[in-house]
Every structure is written in C-alpha cells, then in structure tokens.
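Below is model00.csv, holding CSV, C-alpha atoms.
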chain,number,residue,atom,x,y,z
A,984,ARG,CA,0.0,0.0,0.0
A,985,TRP,CA,2.9,2.4,0.8
A,986,PHE,CA,4.4,1.8,-2.7
A,987,SER,CA,1.1,2.3,-4.4
A,988,ASP,CA,-0.3,5.2,-2.4
A,989,ASP,CA,2.5,7.1,-0.7
A,990,LEU,CA,5.5,6.8,-3.1
A,991,LEU,CA,5.9,8.8,-6.4
A,992,VAL,CA,8.9,8.4,-8.6
A,993,ILE,CA,9.4,10.9,-11.5
A,994,ASP,CA,12.0,10.6,-14.1
A,995,VAL,CA,13.5,13.8,-15.6
A,996,ASP,CA,12.4,12.9,-19.2
A,997,GLU,CA,8.8,12.4,-18.2
A,998,PHE,CA,8.3,16.1,-17.3
A,999,SER,CA,7.8,16.9,-21.0
A,1000,HIS,CA,5.2,14.2,-21.4
A,1001,ASP,CA,1.6,15.2,-21.7
A,1002,PHE,CA,0.6,13.1,-18.6
A,1003,PHE,CA,2.3,15.3,-16.1
A,1004,GLN,CA,1.1,18.6,-17.7
A,1005,GLN,CA,-2.4,17.2,-18.0
A,1006,TYR,CA,-2.5,16.2,-14.3
A,1007,THR,CA,-1.7,19.9,-13.3
A,1008,ALA,CA,-4.1,21.2,-15.9
A,1009,GLU,CA,-7.0,19.1,-14.9
A,1010,LYS,CA,-6.4,19.8,-11.2
A,1011,ALA,CA,-6.3,23.5,-11.9
A,1012,MET,CA,-9.5,23.3,-14.1
A,1013,LYS,CA,-11.4,21.6,-11.2
A,1014,ASP,CA,-10.0,23.7,-8.3
A,1015,ARG,CA,-9.8,27.5,-8.7
A,1016,GLY,CA,-7.6,27.8,-5.6
A,1017,PHE,CA,-5.1,25.4,-7.2
A,1018,HIS,CA,-5.2,27.4,-10.4
A,1019,THR,CA,-4.1,30.4,-8.4
A,1020,THR,CA,-1.3,28.5,-6.8
A,1021,VAL,CA,0.1,27.4,-10.2
A,1022,LYS,CA,-0.3,30.9,-11.5
A,1023,HIS,CA,1.7,32.2,-8.5
A,1024,TRP,CA,4.6,29.8,-9.2
A,1025,LEU,CA,4.6,30.8,-12.9
A,1026,GLN,CA,4.8,34.4,-12.0
A,1027,PHE,CA,7.3,33.8,-9.2
A,1028,ALA,CA,9.6,32.1,-11.7
A,1029,ASP,CA,9.9,35.4,-13.7
A,1030,LEU,CA,8.9,33.7,-16.9
A,1031,GLY,CA,6.8,36.7,-18.2
A,1032,ILE,CA,3.6,34.6,-17.7
A,1033,ILE,CA,0.7,36.4,-16.0
A,1034,ASP,CA,-1.9,33.6,-16.1
A,1035,PHE,CA,-2.9,30.4,-18.0
A,1036,SER,CA,-6.1,28.8,-19.2
A,1037,VAL,CA,-7.2,25.2,-19.6
A,1038,GLU,CA,-9.9,24.0,-22.0
A,1039,GLU,CA,-11.1,20.5,-22.5
A,1040,LYS,CA,-11.3,19.6,-26.2
A,1041,ILE,CA,-13.0,16.7,-28.0
A,1042,SER,CA,-11.7,13.2,-27.2
A,1043,ALA,CA,-10.5,14.3,-23.7
A,1044,HIS,CA,-7.7,16.4,-25.1
A,1045,ILE,CA,-6.6,19.3,-22.8
A,1046,ASP,CA,-5.6,22.6,-24.4
A,1047,ILE,CA,-3.2,24.7,-22.2
A,1048,GLN,CA,-2.6,28.3,-23.1
A,1049,MET,CA,0.0,30.4,-21.3
A,1050,LYS,CA,-0.8,34.1,-21.1
A,1051,HIS,CA,2.2,36.5,-21.4
A,1052,GLU,CA,2.3,40.2,-20.6
A,1053,THR,CA,3.2,42.4,-23.6
A,1054,LYS,CA,5.2,45.7,-23.5
A,1055,GLU,CA,1.9,47.6,-23.8
A,1056,GLY,CA,0.6,45.8,-20.7
A,1057,ALA,CA,-1.9,43.6,-22.5
A,1058,GLY,CA,-1.9,39.8,-22.6
A,1059,ILE,CA,-1.1,37.4,-25.4
A,1060,SER,CA,-1.6,33.7,-25.2
A,1061,PHE,CA,0.7,30.9,-26.5
A,1062,PRO,CA,0.0,27.1,-26.6
A,1063,MET,CA,2.0,25.1,-24.0
A,1064,GLN,CA,4.0,23.3,-26.7
A,1065,ASP,CA,5.5,26.6,-27.8
A,1066,GLU,CA,6.9,27.3,-24.3
A,1067,SER,CA,10.4,26.5,-23.2
A,1068,LEU,CA,11.3,23.2,-21.6
A,1069,GLY,CA,11.8,24.9,-18.3
A,1070,THR,CA,8.3,26.4,-18.4
A,1071,ARG,CA,6.7,23.1,-19.3
A,1072,ARG,CA,8.6,21.3,-16.6
A,1073,LEU,CA,7.7,23.8,-13.9
A,1074,PHE,CA,4.0,23.5,-14.9
A,1075,ALA,CA,4.2,19.7,-14.8
A,1076,ILE,CA,6.0,19.5,-11.5
A,1077,VAL,CA,3.8,21.9,-9.5
A,1078,GLY,CA,0.7,19.6,-9.6
A,1079,PHE,CA,2.5,16.7,-8.1
A,1080,TRP,CA,4.5,18.9,-5.7
A,1081,TYR,CA,1.4,20.1,-3.9
A,1082,THR,CA,-0.2,16.7,-4.0
A,1083,MET,CA,2.8,15.1,-2.3
A,1084,LEU,CA,2.9,17.8,0.3
A,1085,SER,CA,-0.2,16.3,1.7
A,1086,GLY,CA,2.0,13.3,2.8
A,1087,GLY,CA,4.2,10.8,1.1
A,1088,THR,CA,7.6,10.4,-0.5
A,1089,LEU,CA,8.5,12.1,-3.7
A,1090,PHE,CA,11.6,10.9,-5.7
A,1091,ILE,CA,12.7,13.1,-8.6
A,1092,ASP,CA,15.5,12.5,-11.0
A,1093,GLU,CA,17.5,15.6,-11.9
A,1094,LEU,CA,15.2,18.1,-10.0
A,1095,ASP,CA,17.3,21.0,-11.3
A,1096,ALA,CA,17.1,20.1,-15.0
A,1097,SER,CA,15.9,23.2,-17.0
A,1098,LEU,CA,15.0,25.1,-13.8
A,1099,HIS,CA,16.9,28.0,-12.3
A,1100,PRO,CA,18.8,27.2,-9.0
A,1101,ILE,CA,16.9,29.9,-7.1
A,1102,LEU,CA,13.6,28.4,-8.1
A,1103,VAL,CA,14.7,24.9,-7.2
A,1104,GLU,CA,15.9,26.2,-3.8
A,1105,GLU,CA,12.4,27.7,-3.1
A,1106,LEU,CA,10.7,24.5,-4.1
A,1107,VAL,CA,13.0,22.6,-1.7
A,1108,LYS,CA,12.3,25.0,1.1
A,1109,MET,CA,8.6,24.2,0.9
A,1110,PHE,CA,9.4,20.7,2.2
A,1111,HIS,CA,11.4,22.2,5.1
A,1112,ASN,CA,8.5,24.6,6.0
A,1113,SER,CA,6.3,22.9,8.6
A,1114,ASP,CA,3.5,25.4,7.8
A,1115,VAL,CA,3.4,24.1,4.2
A,1116,ASN,CA,4.5,20.5,4.8
A,1117,GLY,CA,2.5,19.8,7.9
A,1118,ASP,CA,2.2,16.1,7.1
A,1119,ASN,CA,6.0,15.6,6.9
A,1120,ALA,CA,6.2,14.6,3.3
A,1121,GLN,CA,9.7,13.6,2.2
A,1122,LEU,CA,11.6,14.8,-0.9
A,1123,ILE,CA,14.5,12.8,-2.3
A,1124,PHE,CA,16.3,14.0,-5.4
A,1125,ASN,CA,19.6,13.9,-7.2
A,1126,THR,CA,21.3,16.9,-8.8
A,1127,HIS,CA,24.6,18.1,-10.4
A,1128,ASP,CA,24.0,21.6,-9.2
A,1129,VAL,CA,26.6,22.4,-6.5
A,1130,ILE,CA,24.8,25.6,-5.6
A,1131,LEU,CA,22.3,23.5,-3.7
A,1132,LEU,CA,25.1,22.1,-1.5
A,1133,ASP,CA,24.4,24.8,1.1
A,1134,ALA,CA,24.4,24.4,4.9
A,1135,SER,CA,21.6,27.0,5.1
A,1136,LEU,CA,19.4,24.7,2.9
A,1137,PHE,CA,20.4,21.2,4.1
A,1138,ARG,CA,21.7,19.5,7.2
A,1139,ARG,CA,24.8,17.4,6.8
A,1140,ASP,CA,22.8,14.2,7.3
A,1141,GLN,CA,20.5,15.2,4.3
A,1142,ILE,CA,23.4,15.3,1.8
A,1143,TRP,CA,24.6,12.1,0.2
A,1144,PHE,CA,27.1,11.5,-2.6
A,1145,VAL,CA,27.3,8.8,-5.3
A,1146,GLU,CA,30.7,7.6,-6.5
A,1147,LYS,CA,31.5,5.0,-9.1
A,1148,ASP,CA,34.4,2.6,-8.5
A,1149,LYS,CA,36.7,1.2,-11.2
A,1150,ALA,CA,34.4,-1.7,-11.8
A,1151,GLY,CA,31.5,0.7,-12.5
A,1152,ALA,CA,29.6,0.0,-9.3
A,1153,SER,CA,28.0,3.0,-7.6
A,1154,HIS,CA,28.5,3.7,-3.9
A,1155,LEU,CA,26.3,5.9,-1.8
A,1156,TYR,CA,27.7,7.6,1.3
A,1157,PRO,CA,26.7,10.7,3.4
A,1158,LEU,CA,28.4,13.9,4.1
A,1159,LEU,CA,28.5,12.8,7.7
A,1160,ASP,CA,31.4,10.5,6.8
A,1161,PHE,CA,33.6,13.6,6.7
A,1162,ILE,CA,34.6,15.9,9.5
A,1163,THR,CA,33.4,19.4,8.5
A,1164,ARG,CA,33.7,22.8,10.1
A,1165,LYS,CA,30.6,24.6,11.2
A,1166,ASP,CA,31.0,27.3,8.6
A,1167,GLU,CA,32.3,25.0,5.9
A,1168,ALA,CA,31.3,25.8,2.3
A,1169,PHE,CA,30.1,22.4,1.1
A,1170,ALA,CA,30.0,23.4,-2.6
A,1171,THR,CA,33.7,24.6,-2.5
A,1172,GLY,CA,34.7,21.5,-0.6
A,1173,TYR,CA,33.0,19.2,-3.1
A,1174,LEU,CA,34.5,20.9,-6.2
A,1175,HIS,CA,38.0,20.6,-4.6
A,1176,GLY,CA,37.4,16.8,-4.3
A,1177,ARG,CA,37.2,16.9,-0.5
A,1178,TYR,CA,34.1,14.6,-0.5
A,1179,ARG,CA,35.2,12.6,-3.6
A,1180,ALA,CA,32.3,11.8,-6.1
A,1181,ILE,CA,33.7,14.0,-8.8
A,1182,PRO,CA,34.7,13.0,-12.3
A,1183,PHE,CA,38.3,12.8,-13.3
A,1184,LEU,CA,38.3,13.9,-16.9
A,1185,ARG,CA,40.9,12.5,-19.2
Show me, as structure tokens, the structure contained in the file I just sent.
Amino acid sequence: RWFSDDLLVIDVDEFSHDFFQQYTAEKAMKDRGFHTTVKHWLQFADLGIIDFSVEEKISAHIDIQMKHETKEGAGISFPMQDESLGTRRLFAIVGFWYTMLSGGTLFIDELDASLHPILVEELVKMFHNSDVNGDNAQLIFNTHDVILLDASLFRRDQIWFVEKDKAGASHLYPLLDFITRKDEAFATGYLHGRYRAIPFLR
C-alpha cells in the first residue's frame, strides 16, 4: 500500500510528457484555488507569464494556453507546446509537488534540469517549511548543481554522494562520513574533491 499510495517516482524525461502537464491542468480546471497556486509559481519564476487557461477539447484532449504580458501591458496567449522546456517542466511539477505535500515520499531524478537554481531552492524550502508541509512529506532528489550544497538549505545528514568505483559500481555515502567545520562551504569542498564523487576527466 505504501508503494502504491505514498510513493511517487518521477524521471526527468517524463516532465515533458503530456501526462504530467495534464495532471496539473485538470487539477487547476477543477480547483480554482489550485489554479491560483500554479499561476503564482509561474509568476514567481519570472517567466513573463501572468496567467494560464485550460480548456477540454474533443476526445478528452486538454488545451493549455500560457498568457504572457506584452510591453503595452496587454496579454497574449501561446500554446503550451510553444513554451520552453523549463516552463513546461515547472507547470508539470507543481501539480505533483502540492499533491505530495499532503503526505508521502517524492523521488525526482534531476530536479534542477531546466530550472533556475533559485527556483529549485524555493521548491525545496517548501518541504522544510512545517506550515506548508504539515504532514511531513519527504523529498529525495539527485542533482549536479553544487549551488544546492548549502548548509543553510540542508543539514549534513541530508546530503549524500554517489561515486563509481573502477568496476563501474556506484557507492552511496553521506556527508556525515567527513569531518566538516561549522562554517564550511560544502560546494567549494565538493568541487575541490574533499568529499570525492567528482569525475576525473581524461
């Protein structure tokens, strides 16, 4: 039951698929409050989007239009497929993000793909905010973005590394395996090879 009801695993490539966008769109179409929440995130991300609309077409097809603000202050709409990958990915992720905040465990591959680090940081902070995440939902993700290796964002026991050995086997180990200073810059330490798990380019 836990695997079927409380666990969601999302692969990075799947964010561009219609299923994830349709989930957010249908939820926004049924719930005006959720529509406002998604609109807030699109505006917060500084994408030039002021709103969006969802219309159900024949044969259960969902048409999503993103409304952009023009220089004159008016609005012009573009179909979702004309938006950047980052915009489509953010729209797709928000629906599941808020669903999982009601309790459960969310696994995301490459959370930072096509999203700005500041935006990713704010998404992560939601899981750390007890007012938003009152049901103690858990987020587990991998990333190559060292900006997120920040002591103000994560405790040491929340940061893990993956390193491949010469046989190609991957080993998972925590930052807790290393003695660190209270004010240590984790990103700098990682890039200097202090915690290993970096590629040696030849």
* Non-local contacts of segment 1037-1054 of chain A (8 Å; all atoms listed in the file; under 3 positions in same chain excluded) as a VMD selection string -> chain A and resid 1005 1008 to 1009 1011 to 1012 1031 to 1034 1057 to 1063
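Minimum atom-to-atom distances from A:Ser1036, A:Gln1064, A:Thr1070, A:Ser1097 to Asp996 of chain A were compared using all atoms listed in the file, and the lowest value belongs to A:Ser1097.
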At a cut-off of 9 Å, can you tabulate as JSON lines every residue of segment 1072-1115 of chain A near segment 1133-1144 of chain A together with its closest atom pair and the distance in Å to one decimal, using all atoms listed in the file and ordering rows by chain then number?
{"residue": "A:Glu1104", "atom": "CA", "partner": "A:Leu1136", "partner_atom": "CA", "distance": 7.7}
{"residue": "A:Val1107", "atom": "CA", "partner": "A:Leu1136", "partner_atom": "CA", "distance": 8.2}
{"residue": "A:Lys1108", "atom": "CA", "partner": "A:Leu1136", "partner_atom": "CA", "distance": 7.3}
{"residue": "A:His1111", "atom": "CA", "partner": "A:Leu1136", "partner_atom": "CA", "distance": 8.7}
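Remark: for Leu1073 of chain A, the closest of the candidate residues A:Gln1026, A:Asn1112, A:Ser1153, A:Asn1125 is A:Gln1026 (distances computed over only C-alpha atoms).
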* **segment 1174-1185 of chain A surroundings by all atoms listed in the file, 12 Å radius, close-in-sequence under 3 positions cut, as a VMD selection string** => chain A and resid 1127 to 1130 1132 1142 to 1149 1153 to 1163 1167 to 1171
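Here atom CA of Phe1124 of chain A is placed at a distance of 18.2 Å from atom CA of Phe1074 of chain A.
Of the listed residues (A:Leu1025, A:Ala1075, A:Val1115, A:Ala1150), A:Ala1075 comes nearest to Tyr1006 of chain A; the distances count only C-alpha atoms.
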Kindly output segment 1010-1040 of chain A as a CSV table (one decimal), keeping the file's coordinate frame, after building N, CA and C atoms.
chain,number,residue,atom,x,y,z
A,1010,LYS,N,-6.3,19.4,-12.6
A,1010,LYS,CA,-6.4,19.8,-11.2
A,1010,LYS,C,-6.8,21.3,-11.1
A,1011,ALA,N,-6.1,22.1,-11.9
A,1011,ALA,CA,-6.3,23.5,-11.9
A,1011,ALA,C,-7.7,23.9,-12.5
A,1012,MET,N,-8.2,23.0,-13.4
A,1012,MET,CA,-9.5,23.3,-14.1
A,1012,MET,C,-10.6,23.0,-13.0
A,1013,LYS,N,-10.4,22.0,-12.2
A,1013,LYS,CA,-11.4,21.6,-11.2
A,1013,LYS,C,-11.4,22.5,-9.9
A,1014,ASP,N,-10.2,23.0,-9.6
A,1014,ASP,CA,-10.0,23.7,-8.3
A,1014,ASP,C,-9.4,25.1,-8.6
A,1015,ARG,N,-10.2,26.1,-8.4
A,1015,ARG,CA,-9.8,27.5,-8.7
A,1015,ARG,C,-8.6,27.9,-7.8
A,1016,GLY,N,-8.6,27.4,-6.5
A,1016,GLY,CA,-7.6,27.8,-5.6
A,1016,GLY,C,-6.2,27.2,-6.1
A,1017,PHE,N,-6.3,26.0,-6.6
A,1017,PHE,CA,-5.1,25.4,-7.2
A,1017,PHE,C,-4.6,26.1,-8.4
A,1018,HIS,N,-5.5,26.6,-9.2
A,1018,HIS,CA,-5.2,27.4,-10.4
A,1018,HIS,C,-4.4,28.6,-9.9
A,1019,THR,N,-4.8,29.2,-8.9
A,1019,THR,CA,-4.1,30.4,-8.4
A,1019,THR,C,-2.7,30.1,-7.9
A,1020,THR,N,-2.6,28.9,-7.3
A,1020,THR,CA,-1.3,28.5,-6.8
A,1020,THR,C,-0.3,28.3,-7.9
A,1021,VAL,N,-0.8,27.6,-9.0
A,1021,VAL,CA,0.1,27.4,-10.2
A,1021,VAL,C,0.5,28.7,-10.8
A,1022,LYS,N,-0.5,29.6,-10.9
A,1022,LYS,CA,-0.3,30.9,-11.5
A,1022,LYS,C,0.8,31.6,-10.7
A,1023,HIS,N,0.7,31.5,-9.4
A,1023,HIS,CA,1.7,32.2,-8.5
A,1023,HIS,C,3.1,31.7,-8.8
A,1024,TRP,N,3.2,30.4,-9.0
A,1024,TRP,CA,4.6,29.8,-9.2
A,1024,TRP,C,5.1,30.2,-10.6
A,1025,LEU,N,4.2,30.3,-11.6
A,1025,LEU,CA,4.6,30.8,-12.9
A,1025,LEU,C,5.1,32.2,-12.9
A,1026,GLN,N,4.4,33.0,-12.1
A,1026,GLN,CA,4.8,34.4,-12.0
A,1026,GLN,C,6.0,34.6,-11.1
A,1027,PHE,N,6.1,33.8,-10.1
A,1027,PHE,CA,7.3,33.8,-9.2
A,1027,PHE,C,8.6,33.5,-10.0
A,1028,ALA,N,8.5,32.6,-10.9
A,1028,ALA,CA,9.6,32.1,-11.7
A,1028,ALA,C,10.1,33.1,-12.7
A,1029,ASP,N,9.4,34.3,-12.8
A,1029,ASP,CA,9.9,35.4,-13.7
A,1029,ASP,C,10.0,34.9,-15.1
A,1030,LEU,N,8.9,34.2,-15.6
A,1030,LEU,CA,8.9,33.7,-16.9
A,1030,LEU,C,8.1,34.7,-17.9
A,1031,GLY,N,7.6,35.8,-17.4
A,1031,GLY,CA,6.8,36.7,-18.2
A,1031,GLY,C,5.4,36.2,-18.3
A,1032,ILE,N,5.0,35.2,-17.6
A,1032,ILE,CA,3.6,34.6,-17.7
A,1032,ILE,C,2.8,35.2,-16.6
A,1033,ILE,N,1.6,35.7,-16.9
A,1033,ILE,CA,0.7,36.4,-16.0
A,1033,ILE,C,-0.5,35.5,-15.6
A,1034,ASP,N,-0.8,34.5,-16.4
A,1034,ASP,CA,-1.9,33.6,-16.1
A,1034,ASP,C,-1.8,32.4,-17.2
A,1035,PHE,N,-2.7,31.5,-17.0
A,1035,PHE,CA,-2.9,30.4,-18.0
A,1035,PHE,C,-4.3,30.0,-18.0
A,1036,SER,N,-4.7,29.3,-19.1
A,1036,SER,CA,-6.1,28.8,-19.2
A,1036,SER,C,-6.0,27.4,-19.7
A,1037,VAL,N,-7.1,26.6,-19.3
A,1037,VAL,CA,-7.2,25.2,-19.6
A,1037,VAL,C,-8.5,25.0,-20.2
A,1038,GLU,N,-8.6,24.3,-21.3
A,1038,GLU,CA,-9.9,24.0,-22.0
A,1038,GLU,C,-9.9,22.6,-22.4
A,1039,GLU,N,-11.0,21.9,-22.1
A,1039,GLU,CA,-11.1,20.5,-22.5
A,1039,GLU,C,-11.7,20.4,-23.9
A,1040,LYS,N,-10.9,19.8,-24.8
A,1040,LYS,CA,-11.3,19.6,-26.2
A,1040,LYS,C,-12.0,18.3,-26.4
